[in-house]
>>> print(open('work_11.pdb').read())   # PDB, C-alpha atoms and all ligand atoms
ATOM      1  CA  MET Y   1     -36.674   6.632 -59.660
ATOM      2  CA  LEU Y   2     -37.772   4.637 -56.629
ATOM      3  CA  ASN Y   3     -38.942   1.238 -57.848
ATOM      4  CA  LEU Y   4     -40.238  -1.097 -55.151
ATOM      5  CA  VAL Y   5     -41.360  -4.687 -55.435
ATOM      6  CA  LEU Y   6     -43.897  -5.350 -52.710
ATOM      7  CA  PHE Y   7     -43.664  -9.073 -52.238
ATOM      8  CA  GLY Y   8     -45.352 -11.779 -50.208
ATOM      9  CA  PRO Y   9     -47.849 -14.629 -50.390
ATOM     10  CA  PRO Y  10     -51.563 -14.052 -51.082
ATOM     11  CA  GLY Y  11     -53.155 -12.456 -48.031
ATOM     12  CA  ALA Y  12     -49.894 -11.023 -46.659
ATOM     13  CA  GLY Y  13     -51.243  -7.449 -46.889
ATOM     14  CA  LYS Y  14     -49.625  -6.221 -50.111
ATOM     15  CA  GLY Y  15     -52.704  -4.282 -51.243
ATOM     16  CA  THR Y  16     -53.123  -2.492 -47.909
ATOM     17  CA  GLN Y  17     -49.457  -1.566 -47.625
ATOM     18  CA  SER Y  18     -49.235  -0.533 -51.299
ATOM     19  CA  GLU Y  19     -51.886   2.102 -50.673
ATOM     20  CA  LYS Y  20     -49.953   3.499 -47.738
ATOM     21  CA  LEU Y  21     -46.646   3.464 -49.629
ATOM     22  CA  ILE Y  22     -48.191   5.209 -52.650
ATOM     23  CA  GLY Y  23     -49.575   7.944 -50.401
ATOM     24  CA  HIS Y  24     -46.166   8.421 -48.851
ATOM     25  CA  TYR Y  25     -43.858   8.205 -51.868
ATOM     26  CA  HIS Y  26     -46.265   9.166 -54.704
ATOM     27  CA  LEU Y  27     -45.391   6.160 -56.808
ATOM     28  CA  VAL Y  28     -47.386   4.541 -59.599
ATOM     29  CA  HIS Y  29     -49.078   1.365 -58.322
ATOM     30  CA  LEU Y  30     -48.941  -1.583 -60.696
ATOM     31  CA  SER Y  31     -50.861  -4.591 -59.358
ATOM     32  CA  THR Y  32     -51.155  -7.375 -61.905
ATOM     33  CA  GLY Y  33     -53.991  -8.920 -59.835
ATOM     34  CA  ASP Y  34     -55.976  -5.643 -59.963
ATOM     35  CA  ILE Y  35     -55.329  -5.214 -63.692
ATOM     36  CA  LEU Y  36     -56.434  -8.799 -64.369
ATOM     37  CA  ARG Y  37     -59.613  -8.339 -62.292
ATOM     38  CA  GLN Y  38     -60.414  -5.199 -64.329
ATOM     39  CA  GLU Y  39     -60.015  -7.246 -67.513
ATOM     40  CA  VAL Y  40     -62.332  -9.903 -66.064
ATOM     41  CA  ALA Y  41     -64.925  -7.273 -65.062
ATOM     42  CA  SER Y  42     -64.814  -5.751 -68.566
ATOM     43  CA  CYS Y  43     -65.214  -9.207 -70.145
ATOM     44  CA  THR Y  44     -62.279  -8.699 -72.508
ATOM     45  CA  ALA Y  45     -60.858 -11.727 -74.314
ATOM     46  CA  LEU Y  46     -57.847 -11.570 -72.010
ATOM     47  CA  GLY Y  47     -60.106 -11.351 -68.953
ATOM     48  CA  ILE Y  48     -62.207 -14.347 -70.003
ATOM     49  CA  GLU Y  49     -59.079 -16.493 -70.470
ATOM     50  CA  ALA Y  50     -57.434 -15.197 -67.285
ATOM     51  CA  LYS Y  51     -60.509 -15.872 -65.131
ATOM     52  CA  LYS Y  52     -60.340 -19.610 -65.847
ATOM     53  CA  VAL Y  53     -56.776 -19.707 -64.536
ATOM     54  CA  MET Y  54     -57.366 -17.349 -61.606
ATOM     55  CA  ASP Y  55     -60.393 -19.300 -60.376
ATOM     56  CA  GLN Y  56     -58.219 -22.395 -60.137
ATOM     57  CA  GLY Y  57     -55.630 -20.555 -58.066
ATOM     58  CA  MET Y  58     -53.007 -20.901 -60.769
ATOM     59  CA  LEU Y  59     -50.734 -18.333 -62.397
ATOM     60  CA  VAL Y  60     -51.614 -16.518 -65.616
ATOM     61  CA  PRO Y  61     -48.949 -17.121 -68.314
ATOM     62  CA  ASP Y  62     -45.811 -15.018 -67.947
ATOM     63  CA  GLU Y  63     -46.058 -13.397 -71.378
ATOM     64  CA  VAL Y  64     -49.563 -12.077 -70.598
ATOM     65  CA  VAL Y  65     -48.595 -10.326 -67.363
ATOM     66  CA  ILE Y  66     -45.252  -9.121 -68.727
ATOM     67  CA  ARG Y  67     -47.054  -7.416 -71.630
ATOM     68  CA  MET Y  68     -49.506  -5.786 -69.218
ATOM     69  CA  ILE Y  69     -46.695  -4.418 -67.076
ATOM     70  CA  GLU Y  70     -44.540  -3.287 -69.985
ATOM     71  CA  SER Y  71     -47.194  -1.029 -71.517
ATOM     72  CA  ARG Y  72     -47.908   0.577 -68.119
ATOM     73  CA  VAL Y  73     -44.236   1.109 -67.290
ATOM     74  CA  GLU Y  74     -43.768   2.839 -70.636
ATOM     75  CA  ALA Y  75     -46.774   5.062 -70.027
ATOM     76  CA  ASN Y  76     -45.506   6.242 -66.617
ATOM     77  CA  LEU Y  77     -41.788   6.797 -67.046
ATOM     78  CA  THR Y  78     -41.979  10.458 -66.130
ATOM     79  CA  GLY Y  79     -43.207   9.647 -62.604
ATOM     80  CA  ARG Y  80     -41.209   9.155 -59.413
ATOM     81  CA  GLY Y  81     -41.209   5.400 -59.750
ATOM     82  CA  PHE Y  82     -43.336   2.305 -59.309
ATOM     83  CA  ILE Y  83     -44.671  -0.107 -56.738
ATOM     84  CA  PHE Y  84     -44.929  -3.520 -58.311
ATOM     85  CA  ASP Y  85     -47.542  -5.458 -56.338
ATOM     86  CA  GLY Y  86     -48.009  -9.159 -57.110
ATOM     87  CA  PHE Y  87     -45.404  -8.920 -59.882
ATOM     88  CA  PRO Y  88     -42.925 -10.462 -60.544
ATOM     89  CA  ARG Y  89     -44.238 -13.888 -59.489
ATOM     90  CA  THR Y  90     -41.811 -16.110 -61.392
ATOM     91  CA  ILE Y  91     -38.116 -15.935 -62.210
ATOM     92  CA  ALA Y  92     -39.018 -15.383 -65.891
ATOM     93  CA  GLN Y  93     -41.101 -12.339 -64.893
ATOM     94  CA  ALA Y  94     -38.245 -10.989 -62.748
ATOM     95  CA  LEU Y  95     -35.765 -11.362 -65.607
ATOM     96  CA  SER Y  96     -38.136  -9.541 -67.977
ATOM     97  CA  LEU Y  97     -38.722  -6.776 -65.457
ATOM     98  CA  ASP Y  98     -34.990  -6.263 -64.938
ATOM     99  CA  LYS Y  99     -34.428  -6.116 -68.689
ATOM    100  CA  MET Y 100     -37.381  -3.764 -69.242
ATOM    101  CA  LEU Y 101     -36.188  -1.351 -66.533
ATOM    102  CA  SER Y 102     -32.554  -1.419 -67.605
ATOM    103  CA  GLU Y 103     -33.639  -0.493 -71.142
ATOM    104  CA  LYS Y 104     -35.282   2.566 -69.540
ATOM    105  CA  GLU Y 105     -32.059   3.239 -67.598
ATOM    106  CA  THR Y 106     -33.586   2.452 -64.236
ATOM    107  CA  SER Y 107     -33.799  -0.620 -61.970
ATOM    108  CA  ILE Y 108     -35.527  -2.193 -58.967
ATOM    109  CA  THR Y 109     -34.448  -0.321 -55.846
ATOM    110  CA  CYS Y 110     -35.485  -3.064 -53.481
ATOM    111  CA  MET Y 111     -37.880  -5.908 -52.763
ATOM    112  CA  LEU Y 112     -39.901  -5.516 -49.568
ATOM    113  CA  ALA Y 113     -41.303  -8.866 -48.504
ATOM    114  CA  LEU Y 114     -44.195  -9.292 -46.083
ATOM    115  CA  GLU Y 115     -43.763 -12.467 -44.055
ATOM    116  CA  VAL Y 116     -46.863 -14.329 -42.809
ATOM    117  CA  GLU Y 117     -47.368 -18.035 -41.967
ATOM    118  CA  ASP Y 118     -49.564 -20.184 -44.254
ATOM    119  CA  GLU Y 119     -52.332 -20.909 -41.713
ATOM    120  CA  GLU Y 120     -52.732 -17.184 -40.941
ATOM    121  CA  LEU Y 121     -52.954 -16.475 -44.695
ATOM    122  CA  ILE Y 122     -55.756 -19.024 -45.099
ATOM    123  CA  ARG Y 123     -57.675 -17.505 -42.184
ATOM    124  CA  ARG Y 124     -57.299 -13.973 -43.618
ATOM    125  CA  LEU Y 125     -58.248 -14.939 -47.174
ATOM    126  CA  LEU Y 126     -61.355 -16.864 -46.099
ATOM    127  CA  ASN Y 127     -62.391 -13.790 -44.099
ATOM    128  CA  ARG Y 128     -61.707 -11.479 -47.045
ATOM    129  CA  GLY Y 129     -63.768 -13.786 -49.284
ATOM    130  CA  LYS Y 130     -66.847 -13.186 -47.120
ATOM    131  CA  GLU Y 131     -66.788  -9.466 -47.957
ATOM    132  CA  SER Y 132     -64.732  -8.846 -51.096
ATOM    133  CA  GLY Y 133     -66.649 -10.853 -53.654
ATOM    134  CA  ARG Y 134     -63.336 -12.165 -54.999
ATOM    135  CA  SER Y 135     -64.176 -15.579 -56.416
ATOM    136  CA  ASP Y 136     -60.667 -16.902 -55.684
ATOM    137  CA  ASP Y 137     -61.083 -16.114 -51.955
ATOM    138  CA  LYS Y 138     -64.233 -18.222 -51.539
ATOM    139  CA  SER Y 139     -62.865 -21.756 -51.457
ATOM    140  CA  GLU Y 140     -60.213 -23.097 -49.120
ATOM    141  CA  ALA Y 141     -59.000 -25.488 -51.836
ATOM    142  CA  VAL Y 142     -58.327 -22.566 -54.231
ATOM    143  CA  ILE Y 143     -56.658 -20.570 -51.470
ATOM    144  CA  ARG Y 144     -54.388 -23.525 -50.657
ATOM    145  CA  LYS Y 145     -53.553 -23.880 -54.360
ATOM    146  CA  ARG Y 146     -52.562 -20.184 -54.563
ATOM    147  CA  ILE Y 147     -50.317 -20.586 -51.535
ATOM    148  CA  ALA Y 148     -48.790 -23.738 -53.049
ATOM    149  CA  GLU Y 149     -48.128 -21.824 -56.313
ATOM    150  CA  TYR Y 150     -46.457 -19.105 -54.265
ATOM    151  CA  ASN Y 151     -44.295 -21.606 -52.411
ATOM    152  CA  SER Y 152     -43.167 -23.420 -55.560
ATOM    153  CA  ASN Y 153     -43.008 -20.726 -58.297
ATOM    154  CA  THR Y 154     -42.815 -17.384 -56.524
ATOM    155  CA  SER Y 155     -40.737 -17.877 -53.373
ATOM    156  CA  PRO Y 156     -37.538 -18.593 -55.403
ATOM    157  CA  LEU Y 157     -37.581 -14.845 -56.122
ATOM    158  CA  ILE Y 158     -36.463 -14.287 -52.535
ATOM    159  CA  ASP Y 159     -33.052 -15.769 -53.369
ATOM    160  CA  TYR Y 160     -33.002 -13.961 -56.711
ATOM    161  CA  PHE Y 161     -33.274 -10.577 -54.950
ATOM    162  CA  LYS Y 162     -31.070 -11.654 -52.009
ATOM    163  CA  LYS Y 163     -28.245 -12.382 -54.457
ATOM    164  CA  LYS Y 164     -28.570  -8.823 -55.730
ATOM    165  CA  ASN Y 165     -28.600  -7.591 -52.112
ATOM    166  CA  LYS Y 166     -32.034  -6.065 -52.690
ATOM    167  CA  PHE Y 167     -34.153  -8.179 -50.337
ATOM    168  CA  ARG Y 168     -35.715  -6.864 -47.124
ATOM    169  CA  GLY Y 169     -38.106  -9.044 -45.112
ATOM    170  CA  VAL Y 170     -40.696  -7.457 -42.830
ATOM    171  CA  LEU Y 171     -42.897  -9.296 -40.323
ATOM    172  CA  GLY Y 172     -46.466  -9.104 -41.638
ATOM    173  CA  VAL Y 173     -48.384 -10.045 -38.496
ATOM    174  CA  VAL Y 174     -48.198  -6.855 -36.421
ATOM    175  CA  SER Y 175     -50.548  -3.863 -36.839
ATOM    176  CA  VAL Y 176     -50.994  -2.206 -40.252
ATOM    177  CA  ASP Y 177     -49.272   0.979 -39.034
ATOM    178  CA  GLU Y 178     -46.385  -0.893 -37.473
ATOM    179  CA  ILE Y 179     -45.808  -2.849 -40.684
ATOM    180  CA  PHE Y 180     -45.875   0.404 -42.654
ATOM    181  CA  THR Y 181     -43.277   1.984 -40.344
ATOM    182  CA  ASN Y 182     -41.056  -1.082 -40.747
ATOM    183  CA  LEU Y 183     -41.439  -1.028 -44.532
TER     184      LEU Y 183
HETATM  185  P1  LIG Y 201     -53.432 -11.237 -56.610
HETATM  186  O1  LIG Y 201     -54.496 -10.188 -56.594
HETATM  187  O2  LIG Y 201     -52.054 -10.664 -56.722
HETATM  188  O3  LIG Y 201     -53.563 -12.201 -55.465
HETATM  189  O4  LIG Y 201     -53.640 -12.090 -57.934
HETATM  190  C1  LIG Y 201     -54.835 -12.813 -58.184
HETATM  191  C2  LIG Y 201     -54.593 -13.849 -59.278
HETATM  192  O5  LIG Y 201     -54.220 -13.186 -60.490
HETATM  193  C3  LIG Y 201     -53.466 -14.839 -59.003
HETATM  194  O6  LIG Y 201     -53.885 -15.938 -58.224
HETATM  195  C4  LIG Y 201     -53.074 -15.237 -60.419
HETATM  196  O7  LIG Y 201     -53.997 -16.152 -60.982
HETATM  197  C5  LIG Y 201     -53.217 -13.926 -61.177
HETATM  198  N1  LIG Y 201     -51.961 -13.142 -61.159
HETATM  199  C6  LIG Y 201     -51.769 -11.934 -60.548
HETATM  200  N2  LIG Y 201     -50.523 -11.497 -60.744
HETATM  201  C7  LIG Y 201     -49.898 -12.463 -61.479
HETATM  202  C8  LIG Y 201     -48.574 -12.612 -61.985
HETATM  203  N3  LIG Y 201     -47.630 -11.671 -61.771
HETATM  204  N4  LIG Y 201     -48.295 -13.736 -62.692
HETATM  205  C9  LIG Y 201     -49.227 -14.671 -62.927
HETATM  206  N5  LIG Y 201     -50.482 -14.606 -62.468
HETATM  207  C10 LIG Y 201     -50.827 -13.505 -61.751
END
>>> encode(input="work_11.pdb", output="C-alpha cells")
Amino acid sequence: MLNLVLFGPPGAGKGTQSEKLIGHYHLVHLSTGDILRQEVASCTALGIEAKKVMDQGMLVPDEVVIRMIESRVEANLTGRGFIFDGFPRTIAQALSLDKMLSEKETSITCMLALEVEDEELIRRLLNRGKESGRSDDKSEAVIRKRIAEYNSNTSPLIDYFKKKNKFRGVLGVVSVDEIFTNL
C-alpha cells in the first residue's frame, strides 16, 4: 500500500494537492476536517460538539478523530492506500495511526509537508473565507488561533517523521502544478 500523510498548516494547500494526488495514485482520501464538517452539516451529536471546538480554532479531542479514522481505514483496506489529510495533528494521533496501520500489516510510506509562511496563510484563509462559507475562515482571530495550534501541537510531528526518515518538505508557494510535480 502507498500511505501518504499530506501535512502542513491550515491554508497550505492540502485539500487542493490531495485531489491531484488521489487522481494520480487512486488512493482513498481521509480528511478529518472534511469528515468533521460533514458531521456538523448533518447535525449529529458528534458534529454539534465538534463545531464548538472548530469555531474556536482549537483541536477536536484525539480520541474522536482517531475513532473516525480507524473505522474508515478498516473499511478501505483492499484499496491501494490512503492519503491522510489534516491527520495526524498531534503526537498521540501519530502513535495511534502507526499502531493501527501496523496491526493491518502496513505503515506510513512518507509524510509530504507543504511549507508556507504564517502571513501568507492568513491572507489565503481570509480570502477562502469570503467564498467557502467555512465559519472558521471568517475571523482573523480564529485563523491565528488555528495557526498557533499548528505551531504548538502539530509541528512536533515534523521531527517525529524525520526521526523515522519519512519526512519530505515541499515549498508551498509556487504554482499548484509545480507543487504537485514536486510532491
Ligand atoms: P481542517 O479542514 O483540516 O483545517 O480542519 C478544520 C478543523 O477541524 C480544525 O481546526 C480542527 O478544529 C478540526 N480538526 C480537523 N482535523 C483534526 C485532527 N486531526 N485533530 C483534531 N482536530 C481536527
>>> residues_around(input="work_11.pdb", residues="Ser155 in chain Y", least_positions_apart="6", cutoff="10 Å", atoms="all atoms listed in the file", output="ChimeraX atom specification")
/Y:7-9,89-91,148-149
>>> write_last_selection(input="work_11.pdb", atoms="C-alpha atoms", output="compact mmCIF listing (two decimals), in the frame of the given file")
# COMPACT_ATOMS: atom_id res chain seq x y z
CA PHE Y 7 -43.66 -9.07 -52.24
CA GLY Y 8 -45.35 -11.78 -50.21
CA PRO Y 9 -47.85 -14.63 -50.39
CA ARG Y 89 -44.24 -13.89 -59.49
CA THR Y 90 -41.81 -16.11 -61.39
CA ILE Y 91 -38.12 -15.94 -62.21
CA ALA Y 148 -48.79 -23.74 -53.05
CA GLU Y 149 -48.13 -21.82 -56.31
>>> residues_near_ligand(input="work_11.pdb", ligand="ligand LIG 201 (chain Y)", cutoff="6 Å", atoms="only C-alpha atoms and all ligand atoms", output="list in words")
Pro10, Thr32, Gly33, Asp34, Val53, Met54, Gly57, Met58, Leu59, Val60, Pro61, Asp62, Val65, Gly86, Phe87, Pro88, Arg89 and Arg146 of chain Y
>>> write_last_selection(input="work_11.pdb", atoms="C-alpha atoms", output="JSON list (two decimals), keeping the file's coordinate frame")
[["chain", "number", "residue", "atom", "x", "y", "z"],
["Y", 10, "PRO", "CA", -51.56, -14.05, -51.08],
["Y", 32, "THR", "CA", -51.16, -7.38, -61.90],
["Y", 33, "GLY", "CA", -53.99, -8.92, -59.84],
["Y", 34, "ASP", "CA", -55.98, -5.64, -59.96],
["Y", 53, "VAL", "CA", -56.78, -19.71, -64.54],
["Y", 54, "MET", "CA", -57.37, -17.35, -61.61],
["Y", 57, "GLY", "CA", -55.63, -20.56, -58.07],
["Y", 58, "MET", "CA", -53.01, -20.90, -60.77],
["Y", 59, "LEU", "CA", -50.73, -18.33, -62.40],
["Y", 60, "VAL", "CA", -51.61, -16.52, -65.62],
["Y", 61, "PRO", "CA", -48.95, -17.12, -68.31],
["Y", 62, "ASP", "CA", -45.81, -15.02, -67.95],
["Y", 65, "VAL", "CA", -48.60, -10.33, -67.36],
["Y", 86, "GLY", "CA", -48.01, -9.16, -57.11],
["Y", 87, "PHE", "CA", -45.40, -8.92, -59.88],
["Y", 88, "PRO", "CA", -42.92, -10.46, -60.54],
["Y", 89, "ARG", "CA", -44.24, -13.89, -59.49],
["Y", 146, "ARG", "CA", -52.56, -20.18, -54.56]]
>>> closest_residue(input="work_11.pdb", among="Y:His26, Y:Gln17, Y:Asn3, Y:Lys104", to="Asn182 in chain Y", atoms="all atoms listed in the file")
Y:Gln17
>>> residues_around(input="work_11.pdb", residues="range 68-79 of chain Y", least_positions_apart="4", cutoff="10 Å", atoms="only C-alpha atoms", output="list in words")
Met1, Leu2, His26, Leu27, Val28, His29, Leu30, Ser31, Thr32, Ile35, Leu36, Glu63, Val64, Phe84, Phe87, Pro88, Gln93, Ser96, Leu97, Met100, Leu101, Lys104 and Thr106 of chain Y
>>> resolve_selection(input="work_11.pdb", expression="the PyMOL selection byres (((chain Y and resi 120) around 12) and not hetatm)", output="MDAnalysis selection string")
chainID Y and resid 9:13 115:119 121:127 143:144 147 172:173
>>> closest_residue(input="work_11.pdb", among="Y:Asp137, Y:Asp177, Y:Asp85, Y:Glu131", to="Val5 in chain Y", atoms="only C-alpha atoms")
Y:Asp85
>>> closest_residue(input="work_11.pdb", among="Y:Lys130, Y:Leu171, Y:Gln56, Y:Ala92", to="Lys145 in chain Y", atoms="all atoms listed in the file")
Y:Gln56
>>> atom_distance(input="work_11.pdb", atom1="CA of Ser135 in chain Y", atom2="CA of Thr16 in chain Y")
19.1 Å
